[in-house]
Structure formats: C-alpha cells, structure tokens
Amino acid sequence: MICPHCHRDLKRSERSDYRCKYCSRLFALEPKEGGIRIHDLRVHRLAEKLTDDGRIHYTLPQLWYAAARGRLPDPFDKIFGIGCFVFIAGIIAVVAAISTDLSWGTALTAVGVLVVVLLLLFFVAWPWYERRAKIRMPEKLGDFRARLLRWEATYDGDLPPGMVDDSKVTVPVVTEPRVAVVCPDPTVLACLAANGVAAAHSAALVGSLDRVPPDVPVVVLHDASPEGIRLAADARAAFGSRLVAPGLRPKAVLAEEKAIKLRERPLPEAEVRGLRALDPALTQEEAGWLGAGWWSPLAAVRPPRLLKVLDRAIARAHGEPDADRRAARQVGFLTWPGA
C-alpha cells in the first residue's frame with residue numbers, strides 16, 4: 001500500500017494500527033481488511049471519476065460499486081478448487097495404495113473411482129453449479145459503510161472528496177414541477193437531489209409511480225433487472241406518451257466488460273416469456289441474460305454519465321427540436337461508455 005501522506009510503499013508490517021512507519025501519520029483504510037480492497041489513495045482516484053474532477057457529488061453506495069468494478073468474485077473458482085482438491089487427494093490415495101502391500105487390482109480400483117468422481121464433478125456438478133451460482137458484491141454495504149467511518153475519524157470529520165451522506169440528503173419538494181423523475185433506488189434519488197436536479201429542471205424526484213404528480217412528463221430510471229423491465233412496463237401503461245424511460249438496459253450492460261454484473265437465482269421460463277411480453281424490444285439475448293439470474297444496478301453507473309443521460313431524457317420529455325431528438329435517439333438508453 002502507498003502511504004497517502006509521504007507516498008512510501010508500505011509493507012503490512014510497516015503500517016500497523018493505521019499509521020505509516022515513516023511519516024507517523026494516520027490513514028483511514030487498510031486494503032487487507034474487508035472484501036473490497038480499497039485504501040485512501042484509491043478512494044481519491046475513484047472520487048475523481050465519480051465527481052468528474054470535482055464537479056459532481058456521489059453517494060457511498062456509488063463508491064461501493066465503483067470500488068468493486070472489475071473485481072467481483074468468480075464463484076466458479078470454488079468448484080475448480082474443489083476439483084483440484086479431489087484430484088490431489090485422489091493422487092495421494094492412489095500413491096499410498098501402491099506403496100503399501102495392497103494389490104494392483106485395489107490400486108486400479110482406486111484410480112477408477114477417482115476418474116469417476118472427477119467426471120461427475122466436471123460434467124454433472126459443474127453445469128449444475130454454473131446455472132445456479134450466485135454472484136454478489138464481495139463486501140456487504142453495511143460493512144463497507146462501517147469501514148468508511150474511519151475516514152471521518154482520520155480526516156477531521158470530512159467525507160471522501162465529493163461524497164454526500166445519502167442517509168442525510170433531503171429530496172426537495174417542488175411545488176410546481178415541470179417533469180417527474182421516478183427511481184425506486186433511494187441512493188440514486190439522493191445523488192440526483194445532491195446534484196441539484198430538482199432545481200435545475202423543476203423536477204419532482206419520486207421513488208414510485210403512484211407519487212407522480214398529474215399532467216407532467218415522466219422519466220423513469222431503473223436497474224437492468226426483471227424488476228426494472230416491469231417498472232418500465234407499468235409506467236408505459238400508466239403514462240403513455242408522457243413517458244420517457246432511459247433506464248439501464250441489459251444490452252448496455254452486456255456490451256461493457258467491467259459493468260457490475262450480479263446474479264441471483266435463475267428465473268422460471270414462464271417468467272422470462274412474461275418479460276418479453278411486457279417489453280417487445282427485449283432481445284432474446286437480453287431475456288436469456290435476465291433469465292439466467294443476471295442483473296445490474298443503476299447505482300453502479302457513475303454520476304457524470306447518469307446525469308448526462310437524465311438531462312437528455314428530460315429534454316426529450318419536454319419535446320426538444322428534431323435535431324436534438326435524433327441525437328438523443330442515437331444515444332438511446334443508459335449505456336456504459338466511460339463507466
């Protein structure tokens with residue numbers, strides 16, 4: 001780890017008790033702790049990207065996702081490790097059998113059993129596990145938040161650069177809104193509120209469709225998930241032509257190697273067919289991805305990209321000139337370039 005103060009490269013023994021051996025100054029984060037490897041200098045680097053060099057605010061959950069980008073655990077490593085363990089244990093057992101007074105027949109039987117076990121593992125257990133393996137964040141948000149408390153204690157009560165405490169952000173009430181922005185993720189709503197979206201666009205920021213004020217255009221933001229597809233479908237049914245839904249699409253996540261791709265249980269085939277019925281634009285590849293249990297959170301999109309797409313969506317909702325409309329359509333749904 002590099003000391004954030006004197007920039008010396010510190011071994012673990014040289015940074016005990018969150019203090020640099022050379023400059024004796026405290027640092028906040030030990031990269032060997034927790035499921036996400038993060039330290040003070042990496043927080044600063046991530047903050048530069050999340051804030052667009054200091055122009056935008058972000059929340060702690062958005063930092064949580066940014067810190068895990070490209071570093072999600074691979075559950076398939078577990079079954080591969082099990083296979084290696086079985087193979088090595090089997091070899092040891094066979095060698096032990098040969099080196100004792102046991103007959104060659106017994107040794108060959110042991111080899112046969114080992115081969116059968118390995119075949120079952122890789123041709124039966126592996127496909128079964130691959131269809132059902134869950135991929136989640138390497139560290140719980142609560143644990144990550146608890147670690148970040150040390151930042152405030154170390155740096156005189158300050159949060160990391162550009163961060164706002166999402167639990168303390170108040171979403172402003174707009175008395176005469178010109179547009180409604182719907183997002184069920186309170187983290188994203190806090191980010192929008194902290195960046196002045198309500199005032200800049202006279203926008204009502206709400207967490208559900210039933211809180212949309214009457215007779216205004218509606219913009220819906222959502223995850224790339226079955227729930228997101230259903231939310232957009234419900235919004236289309238409720239608001240018709242008043243709706244613009246630039247929420248994160250599965251195809252955008254599939255196209256980006258380092259996007260946050262999480263996985264829960266696979267969906268029943270009937271549920272996948274239902275998603276395609278709700279959203280005819282959903283491709284077979286997207287439906288298959290969702291059906292396999294994959295999803296991606298909107299909060300993992302960096303705020304600069306999120307705000308840029310939202311600005312365009314609000315312009316479309318208000319009916320921008322034709323040239324701008326064509327440009328917005330070329331941009332399409334939320335995508336991951338630069339994310």
# chains A, B, ... in the order shown; residues from 1 in each chain; ligands from 1
call {"tool": "residues_around", "arguments": {"residues": "A:Ser241", "least_positions_apart": "2", "cutoff": "10 Å", "atoms": "only C-alpha atoms", "output": "PyMOL selection string"}}
result
chain A and resi 217-218+236-239+243-244+317
call {"tool": "residues_around", "arguments": {"residues": "A:Ile2", "least_positions_apart": "3", "cutoff": "9 Å", "atoms": "only C-alpha atoms", "output": "VMD selection string"}}
result
chain A and resid 5 to 11 39 to 41
call {"tool": "write_last_selection", "arguments": {"atoms": "N, CA, C and O atoms", "output": "tab-separated table (two decimals), in the first residue's frame"}}
result
chain	number	residue	atom	x	y	z
A	5	HIS	N	0.22	10.06	2.55
A	5	HIS	CA	0.86	11.30	3.02
A	5	HIS	C	2.29	11.43	2.47
A	5	HIS	O	2.62	12.42	1.81
A	6	CYS	N	3.14	10.43	2.72
A	6	CYS	CA	4.52	10.52	2.27
A	6	CYS	C	4.78	9.72	1.00
A	6	CYS	O	5.89	9.76	0.46
A	7	HIS	N	3.76	8.94	0.56
A	7	HIS	CA	3.82	8.18	-0.69
A	7	HIS	C	4.91	7.11	-0.69
A	7	HIS	O	5.39	6.73	-1.76
A	8	ARG	N	5.27	6.62	0.49
A	8	ARG	CA	6.16	5.47	0.56
A	8	ARG	C	5.35	4.19	0.37
A	8	ARG	O	4.21	4.09	0.81
A	9	ASP	N	5.97	3.21	-0.27
A	9	ASP	CA	5.33	1.91	-0.45
A	9	ASP	C	5.48	1.12	0.84
A	9	ASP	O	6.60	0.80	1.26
A	10	LEU	N	4.35	0.81	1.48
A	10	LEU	CA	4.38	0.22	2.82
A	10	LEU	C	4.04	-1.27	2.78
A	10	LEU	O	3.02	-1.67	2.20
A	11	LYS	N	4.88	-2.06	3.43
A	11	LYS	CA	4.52	-3.44	3.67
A	11	LYS	C	3.52	-3.49	4.83
A	11	LYS	O	3.34	-2.52	5.55
A	39	HIS	N	-8.00	1.55	-0.40
A	39	HIS	CA	-7.17	2.34	0.51
A	39	HIS	C	-7.38	3.81	0.19
A	39	HIS	O	-8.10	4.17	-0.76
A	40	ASP	N	-6.73	4.67	0.93
A	40	ASP	CA	-7.01	6.10	0.84
A	40	ASP	C	-6.75	6.67	-0.55
A	40	ASP	O	-7.55	7.44	-1.09
A	41	LEU	N	-5.61	6.31	-1.14
A	41	LEU	CA	-5.30	6.86	-2.47
A	41	LEU	C	-6.27	6.35	-3.53
A	41	LEU	O	-6.62	7.09	-4.44
call {"tool": "residues_around", "arguments": {"residues": "A:Leu205", "least_positions_apart": "6", "cutoff": "9 Å", "atoms": "only C-alpha atoms", "output": "PDB file with N, CA, C and O atoms, in the first residue's frame"}}
result
ATOM      1  N   VAL A 171     -34.566  15.038  -0.188  1.00  0.00           N
ATOM      2  CA  VAL A 171     -35.070  15.259  -1.549  1.00  0.00           C
ATOM      3  C   VAL A 171     -36.019  16.449  -1.503  1.00  0.00           C
ATOM      4  O   VAL A 171     -37.033  16.413  -0.793  1.00  0.00           O
ATOM      5  N   PRO A 172     -35.720  17.516  -2.224  1.00  0.00           N
ATOM      6  CA  PRO A 172     -36.550  18.721  -2.125  1.00  0.00           C
ATOM      7  C   PRO A 172     -37.947  18.519  -2.704  1.00  0.00           C
ATOM      8  O   PRO A 172     -38.149  17.720  -3.625  1.00  0.00           O
ATOM      9  N   VAL A 173     -38.895  19.260  -2.164  1.00  0.00           N
ATOM     10  CA  VAL A 173     -40.270  19.242  -2.672  1.00  0.00           C
ATOM     11  C   VAL A 173     -40.424  20.387  -3.661  1.00  0.00           C
ATOM     12  O   VAL A 173     -40.161  21.549  -3.333  1.00  0.00           O
ATOM     13  N   VAL A 174     -40.810  20.055  -4.869  1.00  0.00           N
ATOM     14  CA  VAL A 174     -41.032  21.059  -5.919  1.00  0.00           C
ATOM     15  C   VAL A 174     -42.529  21.293  -6.026  1.00  0.00           C
ATOM     16  O   VAL A 174     -43.286  20.368  -6.356  1.00  0.00           O
ATOM     17  N   VAL A 179     -41.619  18.279 -14.627  1.00  0.00           N
ATOM     18  CA  VAL A 179     -41.330  16.902 -15.005  1.00  0.00           C
ATOM     19  C   VAL A 179     -41.201  16.079 -13.729  1.00  0.00           C
ATOM     20  O   VAL A 179     -40.893  16.622 -12.663  1.00  0.00           O
ATOM     21  N   ALA A 180     -41.490  14.792 -13.834  1.00  0.00           N
ATOM     22  CA  ALA A 180     -41.297  13.878 -12.707  1.00  0.00           C
ATOM     23  C   ALA A 180     -40.221  12.863 -13.073  1.00  0.00           C
ATOM     24  O   ALA A 180     -40.232  12.302 -14.168  1.00  0.00           O
ATOM     25  N   VAL A 181     -39.297  12.668 -12.160  1.00  0.00           N
ATOM     26  CA  VAL A 181     -38.259  11.649 -12.338  1.00  0.00           C
ATOM     27  C   VAL A 181     -38.516  10.557 -11.315  1.00  0.00           C
ATOM     28  O   VAL A 181     -38.492  10.805 -10.112  1.00  0.00           O
ATOM     29  N   VAL A 182     -38.781   9.350 -11.802  1.00  0.00           N
ATOM     30  CA  VAL A 182     -39.103   8.217 -10.940  1.00  0.00           C
ATOM     31  C   VAL A 182     -37.903   7.281 -10.873  1.00  0.00           C
ATOM     32  O   VAL A 182     -37.369   6.865 -11.908  1.00  0.00           O
ATOM     33  N   CYS A 183     -37.475   6.945  -9.665  1.00  0.00           N
ATOM     34  CA  CYS A 183     -36.404   5.961  -9.481  1.00  0.00           C
ATOM     35  C   CYS A 183     -36.623   5.279  -8.139  1.00  0.00           C
ATOM     36  O   CYS A 183     -36.652   5.956  -7.101  1.00  0.00           O
ATOM     37  N   LEU A 189     -31.768   8.552  -6.067  1.00  0.00           N
ATOM     38  CA  LEU A 189     -32.534   9.775  -5.798  1.00  0.00           C
ATOM     39  C   LEU A 189     -31.715  10.758  -4.963  1.00  0.00           C
ATOM     40  O   LEU A 189     -31.738  11.970  -5.205  1.00  0.00           O
ATOM     41  N   LEU A 192     -29.255  12.436  -7.256  1.00  0.00           N
ATOM     42  CA  LEU A 192     -29.906  13.451  -8.095  1.00  0.00           C
ATOM     43  C   LEU A 192     -30.214  14.707  -7.286  1.00  0.00           C
ATOM     44  O   LEU A 192     -30.010  15.832  -7.752  1.00  0.00           O
ATOM     45  N   ALA A 193     -30.699  14.508  -6.059  1.00  0.00           N
ATOM     46  CA  ALA A 193     -31.015  15.660  -5.211  1.00  0.00           C
ATOM     47  C   ALA A 193     -29.757  16.445  -4.868  1.00  0.00           C
ATOM     48  O   ALA A 193     -29.739  17.681  -4.918  1.00  0.00           O
ATOM     49  N   VAL A 197     -30.700  18.390  -9.354  1.00  0.00           N
ATOM     50  CA  VAL A 197     -31.580  18.061 -10.480  1.00  0.00           C
ATOM     51  C   VAL A 197     -32.976  18.661 -10.285  1.00  0.00           C
ATOM     52  O   VAL A 197     -33.582  19.159 -11.229  1.00  0.00           O
ATOM     53  N   ALA A 198     -33.472  18.630  -9.046  1.00  0.00           N
ATOM     54  CA  ALA A 198     -34.826  19.148  -8.792  1.00  0.00           C
ATOM     55  C   ALA A 198     -34.926  20.622  -9.160  1.00  0.00           C
ATOM     56  O   ALA A 198     -35.876  21.042  -9.851  1.00  0.00           O
ATOM     57  N   VAL A 212     -46.197  10.182  -8.713  1.00  0.00           N
ATOM     58  CA  VAL A 212     -46.003  11.100  -9.841  1.00  0.00           C
ATOM     59  C   VAL A 212     -47.108  12.150  -9.847  1.00  0.00           C
ATOM     60  O   VAL A 212     -48.291  11.803  -9.802  1.00  0.00           O
TER      61      VAL A 212
END
call {"tool": "residues_around", "arguments": {"residues": "A:Val301", "least_positions_apart": "2", "cutoff": "12 Å", "atoms": "only C-alpha atoms", "output": "PDB file with C-alpha atoms, in the first residue's frame"}}
result
ATOM      1  CA  LYS A  49     -14.009   9.741 -11.721  1.00  0.00           C
ATOM      2  CA  LEU A  50     -17.232   9.799  -9.720  1.00  0.00           C
ATOM      3  CA  TYR A  58     -21.860  10.992  -5.310  1.00  0.00           C
ATOM      4  CA  THR A  59     -23.064   8.720  -2.506  1.00  0.00           C
ATOM      5  CA  PRO A  61     -23.176   3.142  -2.311  1.00  0.00           C
ATOM      6  CA  GLN A  62     -21.982   4.573  -5.633  1.00  0.00           C
ATOM      7  CA  LEU A  63     -18.412   4.455  -4.293  1.00  0.00           C
ATOM      8  CA  TRP A  64     -19.078   0.880  -3.120  1.00  0.00           C
ATOM      9  CA  TYR A  65     -19.986  -0.194  -6.641  1.00  0.00           C
ATOM     10  CA  ALA A  66     -17.134   1.777  -8.215  1.00  0.00           C
ATOM     11  CA  ARG A  69     -15.892  -2.716 -10.637  1.00  0.00           C
ATOM     12  CA  THR A 187     -29.318   6.059  -3.399  1.00  0.00           C
ATOM     13  CA  VAL A 188     -29.821   7.340  -6.933  1.00  0.00           C
ATOM     14  CA  CYS A 191     -27.469  11.569  -5.849  1.00  0.00           C
ATOM     15  CA  LEU A 221     -34.831   5.331 -14.226  1.00  0.00           C
ATOM     16  CA  HIS A 222     -34.357   1.693 -13.279  1.00  0.00           C
ATOM     17  CA  ASP A 223     -31.910  -1.183 -12.898  1.00  0.00           C
ATOM     18  CA  ALA A 224     -31.134  -3.646 -15.666  1.00  0.00           C
ATOM     19  CA  GLY A 247     -33.409   3.177 -17.542  1.00  0.00           C
ATOM     20  CA  LEU A 248     -30.421   0.860 -17.738  1.00  0.00           C
ATOM     21  CA  ARG A 249     -30.959  -1.820 -20.386  1.00  0.00           C
ATOM     22  CA  ALA A 252     -25.895  -1.878 -22.370  1.00  0.00           C
ATOM     23  CA  VAL A 253     -24.533  -3.982 -19.518  1.00  0.00           C
ATOM     24  CA  GLU A 256     -19.433  -3.410 -21.159  1.00  0.00           C
ATOM     25  CA  LYS A 258     -16.352  -4.007 -16.460  1.00  0.00           C
ATOM     26  CA  ALA A 259     -20.007  -3.310 -15.727  1.00  0.00           C
ATOM     27  CA  ILE A 260     -21.256  -4.526 -12.350  1.00  0.00           C
ATOM     28  CA  LYS A 261     -22.984  -7.802 -13.227  1.00  0.00           C
ATOM     29  CA  SER A 296     -27.027  -4.764 -12.877  1.00  0.00           C
ATOM     30  CA  PRO A 297     -27.823  -1.859 -10.508  1.00  0.00           C
ATOM     31  CA  LEU A 298     -28.456   1.655 -11.786  1.00  0.00           C
ATOM     32  CA  ALA A 299     -26.427   2.971  -8.825  1.00  0.00           C
ATOM     33  CA  PRO A 303     -22.944  10.032 -11.694  1.00  0.00           C
ATOM     34  CA  PRO A 304     -21.468  12.013 -14.636  1.00  0.00           C
ATOM     35  CA  ARG A 305     -22.934   9.514 -17.100  1.00  0.00           C
ATOM     36  CA  LEU A 306     -26.183   9.190 -15.166  1.00  0.00           C
ATOM     37  CA  LEU A 307     -26.773  12.957 -15.066  1.00  0.00           C
ATOM     38  CA  LYS A 308     -25.890  13.397 -18.734  1.00  0.00           C
ATOM     39  CA  VAL A 309     -28.398  10.780 -19.850  1.00  0.00           C
ATOM     40  CA  LEU A 310     -31.031  12.162 -17.485  1.00  0.00           C
ATOM     41  CA  LEU A 334     -28.328   4.338 -20.493  1.00  0.00           C
ATOM     42  CA  THR A 335     -25.018   2.914 -21.638  1.00  0.00           C
ATOM     43  CA  TRP A 336     -21.682   2.212 -20.026  1.00  0.00           C
ATOM     44  CA  PRO A 337     -19.045   4.067 -22.104  1.00  0.00           C
ATOM     45  CA  GLY A 338     -16.558   5.591 -19.728  1.00  0.00           C
ATOM     46  CA  ALA A 339     -18.235   3.893 -16.779  1.00  0.00           C
TER      47      ALA A 339
END
call {"tool": "residues_around", "arguments": {"residues": "A:Leu267", "least_positions_apart": "3", "cutoff": "9 Å", "atoms": "only C-alpha atoms", "output": "list of chain:residue names"}}
result
A:Glu264, A:Ala270, A:Glu271, A:Val272, A:Leu290, A:Gly291, A:Ala292, A:Gly293
call {"tool": "write_last_selection", "arguments": {"atoms": "N, CA, C and O atoms", "output": "PDB file, in the first residue's frame"}}
result
ATOM      1  N   GLU A 264     -28.523 -13.622  -9.254  1.00  0.00           N
ATOM      2  CA  GLU A 264     -29.343 -14.304  -8.263  1.00  0.00           C
ATOM      3  C   GLU A 264     -29.877 -15.600  -8.877  1.00  0.00           C
ATOM      4  O   GLU A 264     -29.300 -16.109  -9.828  1.00  0.00           O
ATOM      5  N   ALA A 270     -41.444 -19.427 -17.737  1.00  0.00           N
ATOM      6  CA  ALA A 270     -42.682 -18.661 -17.903  1.00  0.00           C
ATOM      7  C   ALA A 270     -42.470 -17.197 -17.543  1.00  0.00           C
ATOM      8  O   ALA A 270     -43.037 -16.291 -18.169  1.00  0.00           O
ATOM      9  N   GLU A 271     -41.636 -16.947 -16.535  1.00  0.00           N
ATOM     10  CA  GLU A 271     -41.354 -15.571 -16.128  1.00  0.00           C
ATOM     11  C   GLU A 271     -40.545 -14.838 -17.196  1.00  0.00           C
ATOM     12  O   GLU A 271     -40.761 -13.652 -17.446  1.00  0.00           O
ATOM     13  N   VAL A 272     -39.637 -15.544 -17.845  1.00  0.00           N
ATOM     14  CA  VAL A 272     -38.857 -14.941 -18.931  1.00  0.00           C
ATOM     15  C   VAL A 272     -39.769 -14.587 -20.101  1.00  0.00           C
ATOM     16  O   VAL A 272     -39.662 -13.504 -20.683  1.00  0.00           O
ATOM     17  N   LEU A 290     -31.261 -12.117 -18.404  1.00  0.00           N
ATOM     18  CA  LEU A 290     -32.109 -11.911 -17.224  1.00  0.00           C
ATOM     19  C   LEU A 290     -32.614 -13.240 -16.687  1.00  0.00           C
ATOM     20  O   LEU A 290     -32.662 -13.450 -15.471  1.00  0.00           O
ATOM     21  N   GLY A 291     -32.979 -14.132 -17.589  1.00  0.00           N
ATOM     22  CA  GLY A 291     -33.499 -15.427 -17.177  1.00  0.00           C
ATOM     23  C   GLY A 291     -32.487 -16.257 -16.419  1.00  0.00           C
ATOM     24  O   GLY A 291     -32.847 -17.080 -15.570  1.00  0.00           O
ATOM     25  N   ALA A 292     -31.202 -16.055 -16.713  1.00  0.00           N
ATOM     26  CA  ALA A 292     -30.145 -16.777 -16.009  1.00  0.00           C
ATOM     27  C   ALA A 292     -29.870 -16.199 -14.627  1.00  0.00           C
ATOM     28  O   ALA A 292     -28.994 -16.690 -13.904  1.00  0.00           O
ATOM     29  N   GLY A 293     -30.620 -15.151 -14.258  1.00  0.00           N
ATOM     30  CA  GLY A 293     -30.481 -14.571 -12.926  1.00  0.00           C
ATOM     31  C   GLY A 293     -29.616 -13.334 -12.855  1.00  0.00           C
ATOM     32  O   GLY A 293     -29.411 -12.783 -11.775  1.00  0.00           O
TER      33      GLY A 293
END
call {"tool": "atom_distance", "arguments": {"atom1": "atom CA of A:Pro268", "atom2": "atom CA of A:Leu72"}}
result
25.5 Å
call {"tool": "residues_around", "arguments": {"residues": "stretch 19-29 of chain A", "least_positions_apart": "2", "cutoff": "9 Å", "atoms": "only C-alpha atoms", "output": "VMD selection string"}}
result
chain A and resid 3 to 6 8 10 13 to 17 31 to 33 38 to 40 147 to 155
call {"tool": "select_by_dssp", "arguments": {"residues": "stretch 174-230 of chain A", "states": "strand (DSSP E)", "output": "list in words"}}
result
Val179, Ala180, Val181, Val182, Ala203, Ala204, Leu205, Val206, Val218, Val219 and Val220 of chain A
call {"tool": "write_last_selection", "arguments": {"atoms": "N, CA, C and O atoms", "output": "PDB file, in the first residue's frame"}}
result
ATOM      1  N   VAL A 179     -41.619  18.279 -14.627  1.00  0.00           N
ATOM      2  CA  VAL A 179     -41.330  16.902 -15.005  1.00  0.00           C
ATOM      3  C   VAL A 179     -41.201  16.079 -13.729  1.00  0.00           C
ATOM      4  O   VAL A 179     -40.893  16.622 -12.663  1.00  0.00           O
ATOM      5  N   ALA A 180     -41.490  14.792 -13.834  1.00  0.00           N
ATOM      6  CA  ALA A 180     -41.297  13.878 -12.707  1.00  0.00           C
ATOM      7  C   ALA A 180     -40.221  12.863 -13.073  1.00  0.00           C
ATOM      8  O   ALA A 180     -40.232  12.302 -14.168  1.00  0.00           O
ATOM      9  N   VAL A 181     -39.297  12.668 -12.160  1.00  0.00           N
ATOM     10  CA  VAL A 181     -38.259  11.649 -12.338  1.00  0.00           C
ATOM     11  C   VAL A 181     -38.516  10.557 -11.315  1.00  0.00           C
ATOM     12  O   VAL A 181     -38.492  10.805 -10.112  1.00  0.00           O
ATOM     13  N   VAL A 182     -38.781   9.350 -11.802  1.00  0.00           N
ATOM     14  CA  VAL A 182     -39.103   8.217 -10.940  1.00  0.00           C
ATOM     15  C   VAL A 182     -37.903   7.281 -10.873  1.00  0.00           C
ATOM     16  O   VAL A 182     -37.369   6.865 -11.908  1.00  0.00           O
ATOM     17  N   ALA A 203     -37.974  19.502 -11.245  1.00  0.00           N
ATOM     18  CA  ALA A 203     -38.336  18.090 -11.305  1.00  0.00           C
ATOM     19  C   ALA A 203     -38.772  17.570  -9.945  1.00  0.00           C
ATOM     20  O   ALA A 203     -38.107  17.806  -8.927  1.00  0.00           O
ATOM     21  N   ALA A 204     -39.871  16.840  -9.947  1.00  0.00           N
ATOM     22  CA  ALA A 204     -40.283  16.091  -8.768  1.00  0.00           C
ATOM     23  C   ALA A 204     -39.523  14.768  -8.757  1.00  0.00           C
ATOM     24  O   ALA A 204     -39.649  13.973  -9.697  1.00  0.00           O
ATOM     25  N   LEU A 205     -38.715  14.534  -7.734  1.00  0.00           N
ATOM     26  CA  LEU A 205     -37.952  13.302  -7.618  1.00  0.00           C
ATOM     27  C   LEU A 205     -38.710  12.346  -6.711  1.00  0.00           C
ATOM     28  O   LEU A 205     -38.854  12.607  -5.512  1.00  0.00           O
ATOM     29  N   VAL A 206     -39.194  11.249  -7.268  1.00  0.00           N
ATOM     30  CA  VAL A 206     -40.060  10.347  -6.507  1.00  0.00           C
ATOM     31  C   VAL A 206     -39.567   8.910  -6.658  1.00  0.00           C
ATOM     32  O   VAL A 206     -38.898   8.558  -7.631  1.00  0.00           O
ATOM     33  N   VAL A 218     -42.955  12.271 -17.642  1.00  0.00           N
ATOM     34  CA  VAL A 218     -42.414  11.342 -16.651  1.00  0.00           C
ATOM     35  C   VAL A 218     -41.164  10.671 -17.218  1.00  0.00           C
ATOM     36  O   VAL A 218     -41.183  10.151 -18.343  1.00  0.00           O
ATOM     37  N   VAL A 219     -40.095  10.698 -16.445  1.00  0.00           N
ATOM     38  CA  VAL A 219     -38.858   9.997 -16.792  1.00  0.00           C
ATOM     39  C   VAL A 219     -38.629   8.913 -15.753  1.00  0.00           C
ATOM     40  O   VAL A 219     -38.642   9.194 -14.553  1.00  0.00           O
ATOM     41  N   VAL A 220     -38.453   7.684 -16.203  1.00  0.00           N
ATOM     42  CA  VAL A 220     -38.279   6.546 -15.294  1.00  0.00           C
ATOM     43  C   VAL A 220     -36.858   6.001 -15.426  1.00  0.00           C
ATOM     44  O   VAL A 220     -36.414   5.661 -16.523  1.00  0.00           O
TER      45      VAL A 220
END
call {"tool": "atom_distance", "arguments": {"atom1": "atom CA of A:Met163", "atom2": "atom CA of A:Ala67"}}
result
13.8 Å
call {"tool": "atom_distance", "arguments": {"atom1": "atom CA of A:Ala300", "atom2": "atom CA of A:Leu141"}}
result
13.0 Å
call {"tool": "select_by_dssp", "arguments": {"residues": "stretch 151-244 of chain A", "states": "alpha helix (DSSP H)", "output": "ChimeraX atom specification"}}
result
/A:151-154,186-194,197-201,226-239
call {"tool": "closest_residue", "arguments": {"among": "A:Ala235, A:Ile229, A:Val169, A:Leu254", "to": "A:His57", "atoms": "only C-alpha atoms"}}
result
A:Val169
